[in-house]
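Read through the structure below, which is laid out as structure tokens, and then see the notes.
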Amino acid sequence: MKTNNQSQLSAFSSPLSAYQETLDFLFNSLPAYHRIGAAAYKADLGNTEAMMDHLGHPEHAFRSIHVAGTNGKGSVSHFLASILQEAGYKVGLYTSPHLVDFRERIRINGEMIPQEAVTAFVDANRSFFIEQQLSFFEMTVGLAFDHFRNERVDIAVIEVGMGGRLDSTNVITPLLSVITNIGLDHTQFLGDTLEKIAVEKAGIIKPGVPVVVGRTQPETQPVFERIAAQRNSPITFADSHWHVDPAWRFDGQRMELELQHEGNDVGQFTSGLIGPYQMWNIATVCEAVTQIRQSGKLEIGDEAFRRGLDRVVDNTHLMGRWQVIGHRPLTICETAHNFDGINAMMLGLAGLDFDRLHIIYGCVNDKDYRSILAFLHSQLDKEHIRKDAIWRFSQPSVQRALPVADLQSAASEMGIEGTAFANVNDALADARRNASPRDLILVTGSIFLIADVLAS
């Protein structure tokens with residue numbers, strides 16, 4: 001049965017109204033993790049497999065690269081899509097979550113899926129979604145794969161949503177599997193140790209399909225090697241072969257870096273994604289491209305690789321990763337929402353020259369926010385990044401948001417005093433009014449908090 005809002009929207013015949021009604025159905029009728037959290041999580045592939053069968057198995061209609069990991073999987077996916085696009089291929093890119101527009105999740109050569117395609121797909125399959133009780137994420141995977149099949153992409157880069165083994169994307173058999181790194185995140189679903197989480201991420205390793213692991217970690221390396229051996233999958237660790245000069249220089253749009261392979265200089269490159277933690281992601285991309293070349297199934301020239309790194313944001317429109325949104329004062333959005341992300345962010349802060357830090361922070365309610373907040377505070381002190389930082393707290397505009405009053409109270413118990421703002425853009429406006437031109441404003445925490453800034 002339609003809600004009153006849906007009925008009103010259906011009364012209009014414009015494409016925008018039809019699309020808006022479709023979004024209303026997706027966001028309000030299907031369980032969505034980004035909105036309600038754990039209740040939307042499906043710990044099996046049964047629904048996805050039923051959907052693939054219902055759609056005529058679109059997952060078999062295109063070649064793919066599968067990317068998992070705790071941090072960096074989004075950046076790696078966008079880098080690979082950009083490089084393949086520069087190599088002349090028609091490239092599908094599936095990522096999650098979106099920041100501003102739902103259609104960001106599904107792109108071909110950087111272009112978002114048309115509104116009409118979303119509406120037509122949902123209209124054609126709505127009864128199946130309801131009958132099968134699909135989740136928002138399961139439906140979105142079906143939409144992406146169906147779109148890539150219909151548009152006859154040459155290759156699709158598919159980012160895992162959560163984990164790997166039981167993620168809805170894990171119905172593909174890719175040319176290459178990539179696992180960026182392992183950290184403690186989503187522990188209520190994936191396990192409370194690095195080893196347990198590694199098992200879940202390693203679930204994307206397919207028999208005989210090469211796998212690239214971005215970072216060698218003593219807790220996880222044996223897990224990956226064991227599972228790869230069981231599945232007869234060649235495995236390489238990117239950081240054993242590639243080194244990216246961590247000394248970074250950026251102008252707000254590009255970052256300079258130097259690559260080394262097996263100790264030999266490869267040359268100087270520029271990256272459209274900035275932030276010193278990208279050195280790990282770029283090393284992972286380098287080894288992934290090496291494996292793709294060695295497979296002989298795709299051709300990637302040196303110039304395509306160079307342009308793909310440089311033009312990644314232009315080609316794919318990735319947002320929210322060390323994104324500069326203002327100068328004087330320098331204003332950066334960074335989606336550092338877990339321990340590894342905060343560690344990486346600290347590298348960036350330590351490399352900047354500024355007078356005073358204004359930090360705007362907000363998170364969702366199913367994170368271990370007390371531990372994460374305490375860790376962020378301790379790392380600021382450890383890196384000597386201005387103990388006189390000015391804190392502003394806020395909350396993202398999603399149902400899972402941690403109320404800003406709760407966040408402010410928890411922070412106060414840790415000795416972190418700050419001002420609470422119900423709306424992050426009010427916090428940002430206050431910071432800009434009170435910051436000097438040489439100060440730094442950092443908006444960080446939940447990806448949904450960053451989304452609210454970028455949507456304004």
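Just remember, in the structure tokens the first chain shown is A, the second B, etc., residues are 1-based per chain, and ligands are 1-based in the order shown.
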
Inset, instruction - Just the helix (DSSP H, G or I) stuff from range 227-401 of chain A, please, per backbone DSSP, written as a PyMOL selection string. - result: chain A and resi 227-230+238-240+278-295+302-310+312-316+339-350+369-382

Inset, instruction - List the neighbours of Ile235 in chain A out to 7 Å using only C-alpha atoms; skip same-chain residues closer than 6 positions along the sequence, and give me the result as a PyMOL selection string. - result: chain A and resi 210-212+228

Legend entry - Separation of CA of Trp242 in chain A from CA of Glu262 in chain A in Å: 6.3 Å

Legend entry - 8 Å contact set for Ser168 in chain A, only C-alpha atoms, chain neighbours under 5 positions out, as a ChimeraX atom specification: /A:45,48,137-138,141,160-161

Inset, instruction - Considering only C-alpha atoms, state which residue in the set A:Ile158, A:Val453, A:Ile204, A:Met414 is at the smallest distance from Arg107 in chain A. - result: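 Closest residue, counting only C-alpha atoms: A:Ile158.
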
Inset, instruction - Please identify all polymer residues within 12 Å of Val244 in chain A, counting only C-alpha atoms, omitting same-chain residues fewer than 2 positions from it, and present them as an MDAnalysis selection string. - result: chainID A and resid 238:242 246:248 255:271 276:287

Inset, instruction - Fewer than 3 positions away in the same chain doesn't count, so skip those; otherwise give me all residues within 8 Å of Ala427 in chain A, counting only C-alpha atoms, as a ChimeraX atom specification. - result: /A:360,392-394,420-421,423-424,430-431

Next, write the just-selected residues to a file, as a PDB file, in the first residue's frame, keeping N, CA, C and O atoms as the atom set.
ATOM      1  N   ILE A 360      35.479  19.572  13.763  1.00  0.00           N
ATOM      2  CA  ILE A 360      34.035  19.337  13.815  1.00  0.00           C
ATOM      3  C   ILE A 360      33.822  17.839  13.673  1.00  0.00           C
ATOM      4  O   ILE A 360      34.233  17.235  12.684  1.00  0.00           O
ATOM      5  N   ARG A 392      34.006  21.271  18.022  1.00  0.00           N
ATOM      6  CA  ARG A 392      32.579  21.465  17.784  1.00  0.00           C
ATOM      7  C   ARG A 392      31.987  20.097  17.481  1.00  0.00           C
ATOM      8  O   ARG A 392      32.535  19.342  16.677  1.00  0.00           O
ATOM      9  N   PHE A 393      30.886  19.776  18.122  1.00  0.00           N
ATOM     10  CA  PHE A 393      30.238  18.479  17.929  1.00  0.00           C
ATOM     11  C   PHE A 393      28.933  18.666  17.163  1.00  0.00           C
ATOM     12  O   PHE A 393      28.245  19.685  17.305  1.00  0.00           O
ATOM     13  N   SER A 394      28.613  17.658  16.358  1.00  0.00           N
ATOM     14  CA  SER A 394      27.364  17.705  15.619  1.00  0.00           C
ATOM     15  C   SER A 394      26.875  16.278  15.395  1.00  0.00           C
ATOM     16  O   SER A 394      27.409  15.326  15.985  1.00  0.00           O
ATOM     17  N   ALA A 420      28.091  22.198  21.031  1.00  0.00           N
ATOM     18  CA  ALA A 420      27.216  21.280  20.304  1.00  0.00           C
ATOM     19  C   ALA A 420      26.379  22.045  19.282  1.00  0.00           C
ATOM     20  O   ALA A 420      25.850  23.124  19.576  1.00  0.00           O
ATOM     21  N   PHE A 421      26.261  21.463  18.097  1.00  0.00           N
ATOM     22  CA  PHE A 421      25.433  22.002  17.023  1.00  0.00           C
ATOM     23  C   PHE A 421      24.594  20.867  16.461  1.00  0.00           C
ATOM     24  O   PHE A 421      25.128  19.830  16.076  1.00  0.00           O
ATOM     25  N   ASN A 423      23.119  20.873  13.669  1.00  0.00           N
ATOM     26  CA  ASN A 423      23.355  20.821  12.229  1.00  0.00           C
ATOM     27  C   ASN A 423      24.824  21.081  11.954  1.00  0.00           C
ATOM     28  O   ASN A 423      25.396  22.072  12.418  1.00  0.00           O
ATOM     29  N   VAL A 424      25.470  20.216  11.187  1.00  0.00           N
ATOM     30  CA  VAL A 424      26.902  20.342  10.946  1.00  0.00           C
ATOM     31  C   VAL A 424      27.241  21.617  10.180  1.00  0.00           C
ATOM     32  O   VAL A 424      28.317  22.205  10.374  1.00  0.00           O
ATOM     33  N   ASP A 430      30.042  28.523  12.112  1.00  0.00           N
ATOM     34  CA  ASP A 430      30.601  29.097  13.338  1.00  0.00           C
ATOM     35  C   ASP A 430      32.123  29.026  13.321  1.00  0.00           C
ATOM     36  O   ASP A 430      32.810  29.978  13.714  1.00  0.00           O
ATOM     37  N   ALA A 431      32.663  27.902  12.843  1.00  0.00           N
ATOM     38  CA  ALA A 431      34.117  27.754  12.766  1.00  0.00           C
ATOM     39  C   ALA A 431      34.713  28.780  11.808  1.00  0.00           C
ATOM     40  O   ALA A 431      35.744  29.404  12.101  1.00  0.00           O
TER      41      ALA A 431
END

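Among the candidates A:Asp340, A:Asp167, A:Asp439, A:Asp353, the one nearest to Asn181 in chain A when counting only C-alpha atoms is A:Asp340.
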
Legend entry - Per-residue DSSP, range 209-320 of chain A, filtered to strand (DSSP E), as a ChimeraX atom specification: /A:211-213,235-237,242-244,249-250,255-261,264-271

Using C-alpha atoms, can you export the residues from the last selection as a JSON list (two decimals), in the first residue's frame?
[["chain", "number", "residue", "atom", "x", "y", "z"],
["A", 211, "VAL", "CA", 44.31, -11.82, -5.11],
["A", 212, "VAL", "CA", 46.22, -8.67, -4.16],
["A", 213, "VAL", "CA", 46.45, -7.73, -0.48],
["A", 235, "ILE", "CA", 48.45, -14.11, -3.77],
["A", 236, "THR", "CA", 50.70, -11.04, -3.65],
["A", 237, "PHE", "CA", 51.15, -8.39, -0.97],
["A", 242, "TRP", "CA", 55.84, -1.23, -4.16],
["A", 243, "HIS", "CA", 56.85, 1.82, -2.18],
["A", 244, "VAL", "CA", 55.26, 5.24, -2.50],
["A", 249, "ARG", "CA", 53.16, 18.02, -1.43],
["A", 250, "PHE", "CA", 49.77, 19.21, -2.55],
["A", 255, "MET", "CA", 49.44, 15.41, -4.77],
["A", 256, "GLU", "CA", 52.96, 14.66, -5.98],
["A", 257, "LEU", "CA", 54.48, 11.25, -5.25],
["A", 258, "GLU", "CA", 57.34, 9.00, -6.29],
["A", 259, "LEU", "CA", 56.96, 5.29, -6.98],
["A", 260, "GLN", "CA", 59.48, 2.51, -6.43],
["A", 261, "HIS", "CA", 59.10, -1.11, -7.53],
["A", 264, "ASN", "CA", 63.91, 0.66, -8.35],
["A", 265, "ASP", "CA", 62.62, 4.14, -9.13],
["A", 266, "VAL", "CA", 59.61, 4.10, -11.43],
["A", 267, "GLY", "CA", 59.18, 7.87, -11.61],
["A", 268, "GLN", "CA", 57.25, 10.83, -10.30],
["A", 269, "PHE", "CA", 53.48, 10.90, -10.57],
["A", 270, "THR", "CA", 50.58, 13.06, -9.48],
["A", 271, "SER", "CA", 47.42, 11.88, -7.79]]

Applying 7 Å and only C-alpha atoms, which residues near Gln323 in chain A remain after dropping the ones on its own chain fewer than 4 positions away? List them as a PDB file with N, CA, C and O atoms, in the first residue's frame.
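File produced: result18.pdb:
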ATOM      1  N   MET A 319      34.245  11.889  -3.708  1.00  0.00           N
ATOM      2  CA  MET A 319      34.191  12.987  -2.751  1.00  0.00           C
ATOM      3  C   MET A 319      34.474  12.473  -1.340  1.00  0.00           C
ATOM      4  O   MET A 319      34.349  11.291  -1.067  1.00  0.00           O
ATOM      5  N   ILE A 332      38.952  21.167   5.345  1.00  0.00           N
ATOM      6  CA  ILE A 332      39.092  19.815   4.796  1.00  0.00           C
ATOM      7  C   ILE A 332      37.989  18.922   5.352  1.00  0.00           C
ATOM      8  O   ILE A 332      37.689  18.941   6.553  1.00  0.00           O
ATOM      9  N   CYS A 333      37.393  18.127   4.459  1.00  0.00           N
ATOM     10  CA  CYS A 333      36.460  17.070   4.864  1.00  0.00           C
ATOM     11  C   CYS A 333      37.163  15.732   4.741  1.00  0.00           C
ATOM     12  O   CYS A 333      37.740  15.428   3.693  1.00  0.00           O
ATOM     13  N   GLU A 334      37.103  14.923   5.777  1.00  0.00           N
ATOM     14  CA  GLU A 334      37.791  13.631   5.765  1.00  0.00           C
ATOM     15  C   GLU A 334      36.960  12.605   6.522  1.00  0.00           C
ATOM     16  O   GLU A 334      36.656  12.782   7.706  1.00  0.00           O
TER      17      GLU A 334
END

Legend entry - Contacts of Ile372 in chain A within 10 Å, only C-alpha atoms, excl. fewer than 3 positions in-chain, as an MDAnalysis selection string: chainID A and resid 337:339 342 363 367:369 375:378 445

Inset, instruction - Using only C-alpha atoms, pick whichever of A:Glu219, A:Asp146, A:Glu21, A:Asp314 has the shortest atom-to-atom distance to Ile106 in chain A. - result: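 Result for the nearest residue to Ile106 in chain A: A:Asp146.
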
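Among the candidates A:Asp245, A:Glu159, A:Glu225, A:Glu86, the residue lying nearest to Gly308 in chain A is A:Glu86 (atoms considered: only C-alpha atoms).
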
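Nearest residue to Ser135 in chain A, choosing from A:Arg103, A:Ile108, A:Asp44, A:Gln221 and counting only C-alpha atoms: A:Asp44.
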
Inset, instruction - In Å, rounded to a single decimal, give me how far CA of Glu417 in chain A is from CA of Ala374 in chain A. - result: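 A separation of 12.5 Å between them.
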
Legend entry - Separation of CA of Gln133 in chain A from CA of Val118 in chain A in Å: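 So the two atoms, CA of Val118 in chain A and CA of Gln133 in chain A, lie 18.7 Å apart.
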
Inset, instruction - May I ask which of the residues A:Ile274, A:Ile390, A:Leu347, A:Ile182 is the closest one to Gly69 in chain A, counting only C-alpha atoms? - result: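 Among the listed residues, A:Ile182 lies closest to Gly69 in chain A.
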